[in-house]
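Please read the structure below before turning to the comments.
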Amino acid sequence: MRTIDVDQEIKLTQLVQSDAKDIFETIDTQRDYLGKWLPFVAFTKDISDSEKFVDSVVNAPQDRFEQVFAIRKRDLFVGLIGFKDTDVLNKKTEIGYWLSEKHQKQGIVTKSVCRLCEYAFHKLGINRIQIKCAVGNSASSNIPKRLGFSFEGIERQGELLTGGHFTDLEIYSKLKSDP
């Protein structure tokens with residue numbers, strides 16, 4: 001199992017089947033908080049839904065495999081982070097993340113995104129990383145801003161949220177050659 005050390009307390013551990021329990025319990029106890037911006041919360045009704053998600057990540061075919069990590073602080077599960085929609089040919093990927101409510105405002109995701117960018121640029125040969133954040137989700141969009149990502153624009157009605165309404169997405173990017 002791949003582990004990426006972020007700092008002395010925070011580690012990113014490659015998703016394994018046993019993470020499904022922590023994922024489900026976090027979602028199930030924070031539905032209102034997480035569900036505001038994360039459409040999958042409404043579809044995560046019991047632990048089997050989290051097990052299916054983890055299984056789809058862990059057992060994805062090699063040509064569609066994406067690295068997804070549990071964020072752990074002092075070995076406690078606090079959220080998820082990982083790559084999505086990776087385009088190997090064009091050496092670009094997107095980073096997505098979510099964090100439990102009680103672990104907000106501690107710099108956990110900012111540090112984790114920074115470390116995952118280093119990993120992507122220097123170990124995976126990625127040239128471009130993007131992050132998409134729902135307009136209005138300032139906790140999420142502050143992360144790429146803090147890390148020097150460039151704001152590229154708005155993807156209009158880019159994501160369907162719970163309740164059946166679309167939200168616009170802010171697009172941020174960072175290139176390997178950026179300072």
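How things are named: the first chain in the structure tokens is A, the next is B, and so on; residues count from 1 in each chain; ligands count from 1 in the order shown.
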
* Check stretch 83-160 of chain A with DSSP on the backbone and list each residue it calls strand (DSSP E), as JSON, numbers by chain. => {"A": [83, 84, 85, 86, 87, 92, 93, 94, 95, 96, 97, 98, 99, 128, 129, 130, 131, 132, 133, 134, 150, 151, 152, 153, 154, 155, 156, 157, 158, 159, 160]}

Practice task
Just the residues within 9 Å of stretch 59-71 of chain A, please, counting only C-alpha atoms, with nothing from its chain fewer than 3 positions along; format it as JSON, numbers by chain.
Solution key: {"A": [2, 3, 4, 10, 11, 12, 13, 14, 15, 16, 19, 23, 54, 55, 56, 75, 76, 77, 78, 79, 80, 81, 82, 83, 84, 85, 86, 99, 108, 109, 112]}

Selection file, N, CA and C atoms, as a PDB file, in the first residue's frame:
```pdb
ATOM      1  N   ARG A   2       0.565   2.165  -0.871  1.00  0.00           N
ATOM      2  CA  ARG A   2       1.328   3.406  -0.966  1.00  0.00           C
ATOM      3  C   ARG A   2       0.885   4.378   0.124  1.00  0.00           C
ATOM      4  N   THR A   3       1.860   4.947   0.818  1.00  0.00           N
ATOM      5  CA  THR A   3       1.611   5.979   1.821  1.00  0.00           C
ATOM      6  C   THR A   3       2.460   7.191   1.467  1.00  0.00           C
ATOM      7  N   ILE A   4       1.834   8.364   1.519  1.00  0.00           N
ATOM      8  CA  ILE A   4       2.540   9.615   1.283  1.00  0.00           C
ATOM      9  C   ILE A   4       2.487  10.410   2.582  1.00  0.00           C
ATOM     10  N   ILE A  10      -0.030  14.008   9.480  1.00  0.00           N
ATOM     11  CA  ILE A  10      -0.929  13.720   8.363  1.00  0.00           C
ATOM     12  C   ILE A  10      -0.267  12.792   7.363  1.00  0.00           C
ATOM     13  N   LYS A  11      -1.000  11.740   7.008  1.00  0.00           N
ATOM     14  CA  LYS A  11      -0.537  10.786   5.998  1.00  0.00           C
ATOM     15  C   LYS A  11      -1.667  10.535   5.012  1.00  0.00           C
ATOM     16  N   LEU A  12      -1.285  10.315   3.770  1.00  0.00           N
ATOM     17  CA  LEU A  12      -2.227   9.903   2.734  1.00  0.00           C
ATOM     18  C   LEU A  12      -1.962   8.426   2.488  1.00  0.00           C
ATOM     19  N   THR A  13      -2.969   7.596   2.720  1.00  0.00           N
ATOM     20  CA  THR A  13      -2.802   6.159   2.523  1.00  0.00           C
ATOM     21  C   THR A  13      -3.696   5.718   1.374  1.00  0.00           C
ATOM     22  N   GLN A  14      -3.097   4.988   0.445  1.00  0.00           N
ATOM     23  CA  GLN A  14      -3.848   4.528  -0.709  1.00  0.00           C
ATOM     24  C   GLN A  14      -5.078   3.749  -0.243  1.00  0.00           C
ATOM     25  N   LEU A  15      -6.203   4.043  -0.867  1.00  0.00           N
ATOM     26  CA  LEU A  15      -7.477   3.462  -0.472  1.00  0.00           C
ATOM     27  C   LEU A  15      -7.426   1.940  -0.502  1.00  0.00           C
ATOM     28  N   VAL A  16      -7.951   1.332   0.557  1.00  0.00           N
ATOM     29  CA  VAL A  16      -8.099  -0.129   0.647  1.00  0.00           C
ATOM     30  C   VAL A  16      -9.533  -0.422   1.071  1.00  0.00           C
ATOM     31  N   ASP A  19     -11.246   0.762   4.254  1.00  0.00           N
ATOM     32  CA  ASP A  19     -11.567   2.187   4.422  1.00  0.00           C
ATOM     33  C   ASP A  19     -13.056   2.468   4.233  1.00  0.00           C
ATOM     34  N   ILE A  23     -15.278   5.716   5.648  1.00  0.00           N
ATOM     35  CA  ILE A  23     -15.897   6.622   4.672  1.00  0.00           C
ATOM     36  C   ILE A  23     -17.396   6.713   4.935  1.00  0.00           C
ATOM     37  N   VAL A  54     -15.313   2.023  -2.973  1.00  0.00           N
ATOM     38  CA  VAL A  54     -13.918   1.619  -2.737  1.00  0.00           C
ATOM     39  C   VAL A  54     -13.525   0.506  -3.700  1.00  0.00           C
ATOM     40  N   ASP A  55     -14.409  -0.445  -3.898  1.00  0.00           N
ATOM     41  CA  ASP A  55     -14.140  -1.544  -4.834  1.00  0.00           C
ATOM     42  C   ASP A  55     -13.891  -1.013  -6.246  1.00  0.00           C
ATOM     43  N   SER A  56     -14.665  -0.006  -6.655  1.00  0.00           N
ATOM     44  CA  SER A  56     -14.494   0.561  -8.006  1.00  0.00           C
ATOM     45  C   SER A  56     -13.150   1.257  -8.156  1.00  0.00           C
ATOM     46  N   ASP A  75      -3.426   8.775  12.398  1.00  0.00           N
ATOM     47  CA  ASP A  75      -4.049   7.490  12.053  1.00  0.00           C
ATOM     48  C   ASP A  75      -5.581   7.498  12.073  1.00  0.00           C
ATOM     49  N   LEU A  76      -6.199   8.644  12.298  1.00  0.00           N
ATOM     50  CA  LEU A  76      -7.657   8.763  12.280  1.00  0.00           C
ATOM     51  C   LEU A  76      -8.103   9.213  10.888  1.00  0.00           C
ATOM     52  N   PHE A  77      -9.083   8.522  10.318  1.00  0.00           N
ATOM     53  CA  PHE A  77      -9.624   8.899   9.014  1.00  0.00           C
ATOM     54  C   PHE A  77     -10.317  10.260   9.130  1.00  0.00           C
ATOM     55  N   VAL A  78      -9.935  11.208   8.254  1.00  0.00           N
ATOM     56  CA  VAL A  78     -10.562  12.536   8.284  1.00  0.00           C
ATOM     57  C   VAL A  78     -11.123  12.956   6.927  1.00  0.00           C
ATOM     58  N   GLY A  79     -10.802  12.240   5.848  1.00  0.00           N
ATOM     59  CA  GLY A  79     -11.335  12.610   4.542  1.00  0.00           C
ATOM     60  C   GLY A  79     -10.679  11.824   3.424  1.00  0.00           C
ATOM     61  N   LEU A  80     -10.992  12.244   2.202  1.00  0.00           N
ATOM     62  CA  LEU A  80     -10.443  11.608   1.000  1.00  0.00           C
ATOM     63  C   LEU A  80      -9.820  12.657   0.096  1.00  0.00           C
ATOM     64  N   ILE A  81      -8.819  12.230  -0.659  1.00  0.00           N
ATOM     65  CA  ILE A  81      -8.188  13.073  -1.670  1.00  0.00           C
ATOM     66  C   ILE A  81      -7.678  12.148  -2.766  1.00  0.00           C
ATOM     67  N   GLY A  82      -7.688  12.626  -3.987  1.00  0.00           N
ATOM     68  CA  GLY A  82      -7.151  11.782  -5.042  1.00  0.00           C
ATOM     69  C   GLY A  82      -7.236  12.410  -6.402  1.00  0.00           C
ATOM     70  N   PHE A  83      -6.744  11.650  -7.352  1.00  0.00           N
ATOM     71  CA  PHE A  83      -6.746  12.079  -8.746  1.00  0.00           C
ATOM     72  C   PHE A  83      -8.013  11.598  -9.422  1.00  0.00           C
ATOM     73  N   LYS A  84      -8.464  12.361 -10.406  1.00  0.00           N
ATOM     74  CA  LYS A  84      -9.602  11.934 -11.218  1.00  0.00           C
ATOM     75  C   LYS A  84      -9.441  12.467 -12.628  1.00  0.00           C
ATOM     76  N   ASP A  85     -10.041  11.742 -13.561  1.00  0.00           N
ATOM     77  CA  ASP A  85     -10.006  12.133 -14.977  1.00  0.00           C
ATOM     78  C   ASP A  85      -8.580  12.363 -15.479  1.00  0.00           C
ATOM     79  N   THR A  86      -7.658  11.525 -15.039  1.00  0.00           N
ATOM     80  CA  THR A  86      -6.267  11.650 -15.475  1.00  0.00           C
ATOM     81  C   THR A  86      -6.158  11.334 -16.965  1.00  0.00           C
ATOM     82  N   LEU A  99     -13.303  16.715   3.310  1.00  0.00           N
ATOM     83  CA  LEU A  99     -12.787  16.586   4.674  1.00  0.00           C
ATOM     84  C   LEU A  99     -13.949  16.650   5.655  1.00  0.00           C
ATOM     85  N   ILE A 108      -5.270  20.872   6.830  1.00  0.00           N
ATOM     86  CA  ILE A 108      -5.066  19.475   6.443  1.00  0.00           C
ATOM     87  C   ILE A 108      -5.151  19.294   4.930  1.00  0.00           C
ATOM     88  N   VAL A 109      -6.204  19.827   4.312  1.00  0.00           N
ATOM     89  CA  VAL A 109      -6.366  19.634   2.865  1.00  0.00           C
ATOM     90  C   VAL A 109      -5.353  20.476   2.097  1.00  0.00           C
ATOM     91  N   SER A 112      -2.229  18.602   2.187  1.00  0.00           N
ATOM     92  CA  SER A 112      -2.370  17.344   1.432  1.00  0.00           C
ATOM     93  C   SER A 112      -2.362  17.600  -0.067  1.00  0.00           C
TER      94      SER A 112
END
```

task: Show which residues sit within 6 Å of stretch 143-148 of chain A, as a list of chain:residue names. Count only C-alpha atoms, and ignore same-chain residues fewer than 2 positions away.
output: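 Once the adjacent positions are removed, what remains is A:Thr110, A:Ser140, A:Ser141.
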
Write a file of the just-selected residues containing C-alpha atoms, as a CSV table (one decimal), in the first residue's frame.
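The resulting file, part-v3.csv, is reproduced below:
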```csv
chain,number,residue,atom,x,y,z
A,110,THR,CA,-4.1,22.5,1.9
A,140,SER,CA,-12.7,24.5,-1.1
A,141,SER,CA,-11.7,27.3,-3.5
```

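One distance worth recording is that between atom CA of A:Asn142 and atom CA of A:Ala42, which is 25.0 Å.
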
Gap from atom CA of A:His122 to atom CA of A:Ser173 - Å, one decimal: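 Answer for the atom CA of A:His122 to atom CA of A:Ser173 separation: 16.6 Å.
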
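Residue neighbourhood of A:Glu101, excluding near-sequence residues (fewer than 6 positions): Gln30, Tyr33 and Leu34 of chain A, at 8 Å, using only C-alpha atoms.
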
**Message:** Nearest residue to A:Cys117 out of A:Ala20, A:Ile47, A:Val6, A:Leu169, using only C-alpha atoms?
**Reply:**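 The answer is A:Val6, which sits nearest to A:Cys117.
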
Query raised in the report: Which residue out of A:Lys174, A:Lys45, A:Lys21, A:Lys91 has the minimum interatomic distance to A:Ile131 when only C-alpha atoms are used?
Result: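 Among the listed residues, the smallest separation from A:Ile131 belongs to A:Lys174.
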
When DSSP works through the backbone of this structure, what residues of stretch 11-62 of chain A end up as alpha helix (DSSP H), shown as a ChimeraX atom specification?
/A:19-29,31-35,47-58

- prompt: With only C-alpha atoms as the atoms that count, which of A:Ser150, A:Thr29, A:Gln104, A:Asn90 lies nearest to A:Pro179?
  reply: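 Answer, going by the shortest atom-to-atom distance: A:Ser150.
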